[in-house]
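Undergrad: Structure incoming, see below.
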Amino acid sequence: MDFVNVIVDISHEKVDRIFQYRIPDHLKGRLKAGMQVNIPFGRGNRLVKGCVVGFAEKPDYPPEKIKELDSIAEGSVQAESQLIALAAWMRERYGSTMNQALKTVLPVKQKTRQKQSRRLIRKISVEEGVSLLEEYQRKKYRAKARLLEALLQNEVLDYQETVGNLKISSTVVRGFEEEGIIRMESRTLYRNPFADHFTKKEKEVLLNSEQTEAVEGIWSEYQKGVRRTYLLHGVTGSGKTEVYMELIARVIREGKQTILLIPEIALTFQTVMRFYERFGERVSVIHSRLSGGERYDQFMRAQNGEIDVMIGPRSALFTPFSCIGMIIIDEEHESSYKSETVPRYHAVEAARFRAGMCGASVVLGSATPSVDSYYRARSGRYGFYRLTGRFGNAGLPNVSIIDLRRELKEGNRSIFSRRLKEAMEKRLQCGQQTMLFLNRRGLSGFVSCRSCGTAIRCPHCDVALSLHNDGKLRCHYCGYETGMPSLCPSCGSRYISGFRAGTQQIEREVKKLFPYARVLRMDYDTTRTKESYEQILTAFGKGEADILVGTQMIVKGHDFPNVTLVGVLAADISLYAADYRSSERTFQLLTQAAGRAGRGQKTGEAVIQTYVPDHYSIRAAARQDYEEFYRQEILYRKMMGYPPAAFMLGIYLSGPEETFLEKQADRLGKVIHRLHAEGLTVIGPAVAALSRKKDMYRMVIYLKHMDENMLLNVKNQLERILENETVWQKIYIQFDYNPLNAY
Ligand code: ADP
Ligand code: ZN
Ligand code: ZN
């Protein structure tokens, strides 16, 4: 590479521009993204600091206009410039402005300045003070006398308290300072929201052989200088967290830092405690309940070297550590790792890029890895370790699949199968708890047959069609539409509709069946605030209810040792989400849901009700058999050309006028065709899954390509076109690289 792209020090220049420089021969091969360099800038060619964000083989400007880079800046702080380089990468990959990307990665300075603790320290001796005090009293300088008196009692005073309690103006204090009676000392107080909660414990854990194999395998490569990504596949309770902690301890011994990402919902007090107990105050945690100021403080503590480990959700990835040794992502399959605002980055990809800049390894852990990560692990691109057993007495639950078609045929039209009803009854009798899980992930509005279980799917995309208000069924990938059939196309039954029961209805039905049961409900309606979410879980944990009814929110987080039954009411709903990941999500949700039963000493039972008992994601989840699920799913992805077998780019269009938006979407479709990108598949334009939101109409176009770089290239060309033609500026267009959720 002969040319380097540089962003000029952001404190004093416009950041949205990237400047290109020629690399002098002696620096070729020595520059890396995230490095700080000195570059000649402006008319006078004064040397300023810049940050390397990328490279180019060929110049983007006439070569005679390109200046030569001067040198690598010595002794510079790398954290910020690596974050800037990360922002530049995110801008390029996910499509956003540089400003949006920088706002995402750089700690936001709070308007309210950090808390400063200021102290007044007496400089004069007690004798001097006493005689001065007499003078003040003689001259009736009341305020001065009060302050001096206080200083004679205490050599050091807190500024706030002095000004407040003694009612002394800041002018008086300043006067004392000027006269040399006191000196002022200020130091920044970083808010540490957890400071009071922990004690460090020395607890010896002897890793078992699988854990040891993972730790030693990863660590021996680390010590040889190999930096790569690893997947750690192990069911919940198999000891992944212990593996993380051992790796973190070793990274700390090397004098380096670790970032550990955990989905917000799993960031429970118990988890955090384990880390505090092991690493003491060298750990910090950020989560969404922290104020902006507290969050900023934690980032500053990281920057100042006060901590070694940062734990938090997605945004903790941007902790300004200077020397990261490892980035660990727990539950890596969680969709909360994907940002749903621009830039729509995925934390796993962004972590890999950041790790590349700072020479860190990445460890991904999950009980149900994303198909994407598993694919890479299987193909050898990721290192791969497995933990197969569970710790303690906890065994896997007994899972049964109930065929709801048969229930209907045999005259049971209740939302509870006979098996589930019986099992609930038994739990009520012996004082154990039940969780009823309504799988509402994905959008309702799909149509399926209650007699044979068939859902109506798009003939082109093999995803479920959605029923719209005008009575038509539509595909949200390609726009295919058809009328609503009155009979099931595959078996002729009249019982064709979606599963419409909500959590409220289930709660009512439970109360009807078991009037004496104490029922709690947890769904979007009952958890508007964060506290209510915690309250419900805590109450259930304390045994204040027999049955908890809820959506996917109840599947994660807390452990309830007294829950011995989990009922999944309609396992298939998430199968009909109108996107290609619906089977993957179904498998993950069901595996997690079933895994909730029997966490304590007692063996658990799970009952999965479904209209499609033979679907591989349901069968595999019942057996907690990831391999089996993966084998089928990857075939489907390959056949249909969905990620990870291909790369996908969502283009989301929205605007206030429906017809204009449709016209623009069509026009954009034509623009894409005119690029003549070889091997590119264009799907749509089509109405988005959520066709209107806040009075904005929404449409989508999806692009697929086997070659990632070709796809990114198309995105870049489109970005340039969209920027330069004013006609596009009347609608809002976003890119979504490898989208996780339907738009
Ligand atoms: P995961 O992170 O995979 O859910 P954890 O690391 O939380 O699993 O382990 C589950 C339980 O087993 C925890 O209570 C943990 O302390 C315990 N545990 C894990 N590994 C060991 C070990 N090697 N020796 C003793 N206890 C262990
Ligand atoms: Zn049918
Ligand atoms: Zn389609």
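We label chains A, B, ... in the order they appear in the structure tokens, count residues from 1 in each chain, and number ligands from 1 in the order shown.
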From range 375-506 of chain A, collect each residue whose DSSP state is strand (DSSP E or B) and return the set as number ranges by chain.
TA: A: 383-387, 398-403, 433-437, 446, 448-449, 455, 457, 464, 466-467, 472-474, 481-483, 496-497
Undergrad: All residues within 9 Å of ligand 2 are required, counting only C-alpha atoms and all ligand atoms; please report them as number ranges by chain.
TA: A: 448-455, 487-496
Undergrad: Mind writing the picked residues with C-alpha atoms as a JSON list (two decimals), in the first residue's frame?
TA:
[["chain", "number", "residue", "atom", "x", "y", "z"],
["A", 448, "SER", "CA", -50.98, -21.11, 9.16],
["A", 449, "CYS", "CA", -53.25, -24.11, 9.24],
["A", 450, "ARG", "CA", -54.31, -25.42, 12.63],
["A", 451, "SER", "CA", -55.09, -28.81, 11.16],
["A", 452, "CYS", "CA", -51.88, -29.58, 9.33],
["A", 453, "GLY", "CA", -49.51, -26.90, 10.60],
["A", 454, "THR", "CA", -48.56, -25.57, 7.19],
["A", 455, "ALA", "CA", -47.73, -21.88, 7.04],
["A", 487, "LEU", "CA", -59.04, -23.21, 2.77],
["A", 488, "CYS", "CA", -55.63, -24.59, 3.61],
["A", 489, "PRO", "CA", -53.78, -25.06, 0.29],
["A", 490, "SER", "CA", -52.16, -28.23, 1.54],
["A", 491, "CYS", "CA", -54.93, -30.11, 3.42],
["A", 492, "GLY", "CA", -58.16, -28.25, 2.63],
["A", 493, "SER", "CA", -59.01, -27.52, 6.26],
["A", 494, "ARG", "CA", -61.09, -24.47, 7.22],
["A", 495, "TYR", "CA", -59.05, -23.88, 10.39],
["A", 496, "ILE", "CA", -56.63, -21.49, 8.84]]
Undergrad: From the options A:Leu133, A:Val6, A:Leu207, A:Leu157, which residue's atoms come nearest to ligand 1, counting only C-alpha atoms and all ligand atoms?
TA: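 Closest residue, counting only C-alpha atoms and all ligand atoms: A:Leu207.
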Undergrad: Using only C-alpha atoms and all ligand atoms, which of A:Ala266, A:Ile286, A:Ile327, A:Leu404 sits nearest ligand 1?
TA: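 Distance minimum relative to ligand 1 lands on A:Ala266.
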Undergrad: Rank nothing, just name the residue among A:Arg253, A:Arg278, A:Arg667, A:Lys28 nearest to ligand 1, using only C-alpha atoms and all ligand atoms.
TA: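 Selected residue with least distance to ligand 1: A:Arg278.
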Undergrad: Find the residues near ligand 1. Use a cut-off of 8 Å, count only C-alpha atoms and all ligand atoms, and write them as a ChimeraX atom specification.
TA: /A:205-208,211,234-243,366-367,390-392
Undergrad: Could the residues in this selection be saved with C-alpha atoms as an mmCIF file, in the first residue's frame?
TA:
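Now in out27.cif:
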data_model
loop_
_atom_site.group_PDB
_atom_site.id
_atom_site.type_symbol
_atom_site.label_atom_id
_atom_site.label_comp_id
_atom_site.auth_asym_id
_atom_site.auth_seq_id
_atom_site.Cartn_x
_atom_site.Cartn_y
_atom_site.Cartn_z
ATOM 1 C CA VAL A 205 -11.665 -23.026 41.265
ATOM 2 C CA LEU A 206 -10.100 -26.075 39.724
ATOM 3 C CA LEU A 207 -11.020 -26.083 36.082
ATOM 4 C CA ASN A 208 -12.184 -29.392 34.662
ATOM 5 C CA GLN A 211 -12.271 -25.887 30.643
ATOM 6 C CA GLY A 234 -21.210 -24.787 25.998
ATOM 7 C CA VAL A 235 -24.665 -25.028 27.485
ATOM 8 C CA THR A 236 -25.685 -22.665 30.262
ATOM 9 C CA GLY A 237 -24.047 -23.784 33.468
ATOM 10 C CA SER A 238 -21.191 -25.577 31.735
ATOM 11 C CA GLY A 239 -18.636 -23.177 33.150
ATOM 12 C CA LYS A 240 -17.947 -20.688 30.379
ATOM 13 C CA THR A 241 -17.796 -17.805 32.833
ATOM 14 C CA GLU A 242 -15.032 -19.587 34.758
ATOM 15 C CA VAL A 243 -13.084 -19.893 31.520
ATOM 16 C CA SER A 366 -22.694 -19.230 23.664
ATOM 17 C CA ALA A 367 -24.924 -22.191 24.385
ATOM 18 C CA ARG A 390 -23.168 -29.065 33.290
ATOM 19 C CA PHE A 391 -21.811 -28.198 36.728
ATOM 20 C CA GLY A 392 -23.364 -29.326 39.946
#
Undergrad: Nearest residue to Met35 in chain A out of A:Ile618, A:Ile701, A:Leu267, A:Cys358, using only C-alpha atoms?
TA: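 Checking each candidate against Met35 in chain A, we get A:Cys358 as the closest.
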Undergrad: Which chain A residues have any atom within 7 Å of an atom of ligand 3, and for each, what is the nearest pair of atoms with distance in Å to one decimal, counting only C-alpha atoms and all ligand atoms, rows sorted by chain and number, as a Markdown table?
TA:
| residue | atom | partner | partner_atom_place_in_ligand_line | distance |
| --- | --- | --- | --- | --- |
| A:Cys458 | CA | ligand 3 | 1 (Zn) | 4.8 |
| A:Pro459 | CA | ligand 3 | 1 (Zn) | 6.5 |
| A:His460 | CA | ligand 3 | 1 (Zn) | 4.7 |
| A:Cys461 | CA | ligand 3 | 1 (Zn) | 4.1 |
| A:Asp462 | CA | ligand 3 | 1 (Zn) | 6.8 |
| A:Val463 | CA | ligand 3 | 1 (Zn) | 6.9 |
| A:Cys475 | CA | ligand 3 | 1 (Zn) | 4.7 |
| A:His476 | CA | ligand 3 | 1 (Zn) | 6.6 |
| A:Tyr477 | CA | ligand 3 | 1 (Zn) | 5.0 |
| A:Cys478 | CA | ligand 3 | 1 (Zn) | 4.1 |
| A:Gly479 | CA | ligand 3 | 1 (Zn) | 6.0 |
| A:Tyr480 | CA | ligand 3 | 1 (Zn) | 5.4 |
Undergrad: Lys144 in chain A: which residues within 9 Å, counting only C-alpha atoms, same-chain residues fewer than 5 positions away excluded, as a VMD selection string?
TA: chain A and resid 133 136 to 137 149 168 172 to 173 176
Undergrad: Could you dump the residues just selected with all heavy atoms as a PDB file, in the first residue's frame?
TA:
ATOM      1  N   LEU A 133      -6.966  36.172  63.541  1.00  0.00           N
ATOM      2  CA  LEU A 133      -8.381  36.090  63.925  1.00  0.00           C
ATOM      3  C   LEU A 133      -8.754  37.263  64.830  1.00  0.00           C
ATOM      4  O   LEU A 133      -9.811  37.874  64.677  1.00  0.00           O
ATOM      5  CB  LEU A 133      -8.645  34.755  64.634  1.00  0.00           C
ATOM      6  CG  LEU A 133     -10.091  34.508  65.075  1.00  0.00           C
ATOM      7  CD1 LEU A 133     -11.017  34.451  63.878  1.00  0.00           C
ATOM      8  CD2 LEU A 133     -10.184  33.195  65.864  1.00  0.00           C
ATOM      9  N   TYR A 136      -9.324  40.228  62.726  1.00  0.00           N
ATOM     10  CA  TYR A 136     -10.608  40.204  62.013  1.00  0.00           C
ATOM     11  C   TYR A 136     -11.744  40.570  62.951  1.00  0.00           C
ATOM     12  O   TYR A 136     -12.664  41.282  62.601  1.00  0.00           O
ATOM     13  CB  TYR A 136     -10.882  38.804  61.415  1.00  0.00           C
ATOM     14  CG  TYR A 136     -10.026  38.456  60.210  1.00  0.00           C
ATOM     15  CD1 TYR A 136      -9.906  37.134  59.797  1.00  0.00           C
ATOM     16  CD2 TYR A 136      -9.371  39.444  59.485  1.00  0.00           C
ATOM     17  CE1 TYR A 136      -9.139  36.780  58.700  1.00  0.00           C
ATOM     18  CE2 TYR A 136      -8.595  39.114  58.393  1.00  0.00           C
ATOM     19  CZ  TYR A 136      -8.478  37.771  58.004  1.00  0.00           C
ATOM     20  OH  TYR A 136      -7.718  37.440  56.922  1.00  0.00           O
ATOM     21  N   GLN A 137     -11.668  40.026  64.167  1.00  0.00           N
ATOM     22  CA  GLN A 137     -12.762  40.290  65.098  1.00  0.00           C
ATOM     23  C   GLN A 137     -12.807  41.769  65.452  1.00  0.00           C
ATOM     24  O   GLN A 137     -13.885  42.363  65.593  1.00  0.00           O
ATOM     25  CB  GLN A 137     -12.603  39.423  66.346  1.00  0.00           C
ATOM     26  CG  GLN A 137     -13.046  37.989  66.090  1.00  0.00           C
ATOM     27  CD  GLN A 137     -12.550  37.019  67.131  1.00  0.00           C
ATOM     28  OE1 GLN A 137     -11.568  37.289  67.850  1.00  0.00           O
ATOM     29  NE2 GLN A 137     -13.200  35.874  67.211  1.00  0.00           N
ATOM     30  N   GLU A 149     -11.785  30.745  61.820  1.00  0.00           N
ATOM     31  CA  GLU A 149     -12.061  29.931  62.994  1.00  0.00           C
ATOM     32  C   GLU A 149     -12.178  28.464  62.614  1.00  0.00           C
ATOM     33  O   GLU A 149     -11.614  27.584  63.255  1.00  0.00           O
ATOM     34  CB  GLU A 149     -13.387  30.388  63.621  1.00  0.00           C
ATOM     35  CG  GLU A 149     -13.264  30.637  65.095  1.00  0.00           C
ATOM     36  CD  GLU A 149     -14.515  31.347  65.639  1.00  0.00           C
ATOM     37  OE1 GLU A 149     -15.307  31.887  64.822  1.00  0.00           O
ATOM     38  OE2 GLU A 149     -14.706  31.338  66.840  1.00  0.00           O
ATOM     39  N   ILE A 168     -20.270  31.405  53.500  1.00  0.00           N
ATOM     40  CA  ILE A 168     -19.133  32.261  53.149  1.00  0.00           C
ATOM     41  C   ILE A 168     -19.056  32.355  51.633  1.00  0.00           C
ATOM     42  O   ILE A 168     -19.146  31.334  50.946  1.00  0.00           O
ATOM     43  CB  ILE A 168     -17.827  31.678  53.723  1.00  0.00           C
ATOM     44  CG1 ILE A 168     -17.833  31.884  55.239  1.00  0.00           C
ATOM     45  CG2 ILE A 168     -16.601  32.318  53.109  1.00  0.00           C
ATOM     46  CD1 ILE A 168     -16.840  31.044  55.953  1.00  0.00           C
ATOM     47  N   VAL A 172     -14.624  35.585  49.448  1.00  0.00           N
ATOM     48  CA  VAL A 172     -13.840  35.507  50.685  1.00  0.00           C
ATOM     49  C   VAL A 172     -12.792  34.400  50.578  1.00  0.00           C
ATOM     50  O   VAL A 172     -11.629  34.579  50.908  1.00  0.00           O
ATOM     51  CB  VAL A 172     -14.770  35.253  51.896  1.00  0.00           C
ATOM     52  CG1 VAL A 172     -13.940  35.017  53.162  1.00  0.00           C
ATOM     53  CG2 VAL A 172     -15.718  36.426  52.091  1.00  0.00           C
ATOM     54  N   VAL A 173     -13.247  33.279  50.056  1.00  0.00           N
ATOM     55  CA  VAL A 173     -12.323  32.155  49.924  1.00  0.00           C
ATOM     56  C   VAL A 173     -11.164  32.532  49.003  1.00  0.00           C
ATOM     57  O   VAL A 173      -9.993  32.276  49.297  1.00  0.00           O
ATOM     58  CB  VAL A 173     -13.059  30.914  49.371  1.00  0.00           C
ATOM     59  CG1 VAL A 173     -12.065  29.775  49.141  1.00  0.00           C
ATOM     60  CG2 VAL A 173     -14.157  30.475  50.317  1.00  0.00           C
ATOM     61  N   PHE A 176      -8.684  34.708  50.738  1.00  0.00           N
ATOM     62  CA  PHE A 176      -7.789  33.928  51.594  1.00  0.00           C
ATOM     63  C   PHE A 176      -6.680  33.285  50.773  1.00  0.00           C
ATOM     64  O   PHE A 176      -5.535  33.235  51.192  1.00  0.00           O
ATOM     65  CB  PHE A 176      -8.585  32.821  52.315  1.00  0.00           C
ATOM     66  CG  PHE A 176      -9.109  33.227  53.656  1.00  0.00           C
ATOM     67  CD1 PHE A 176      -9.697  34.486  53.828  1.00  0.00           C
ATOM     68  CD2 PHE A 176      -9.004  32.380  54.756  1.00  0.00           C
ATOM     69  CE1 PHE A 176     -10.188  34.859  55.071  1.00  0.00           C
ATOM     70  CE2 PHE A 176      -9.477  32.756  56.002  1.00  0.00           C
ATOM     71  CZ  PHE A 176     -10.079  33.996  56.166  1.00  0.00           C
TER      72      PHE A 176
END
Undergrad: Within 9 Å of range 214-229 of chain A, counting only C-alpha atoms, which residues qualify if same-chain residues fewer than 3 places away don't, as a count of residues only?
TA: 26
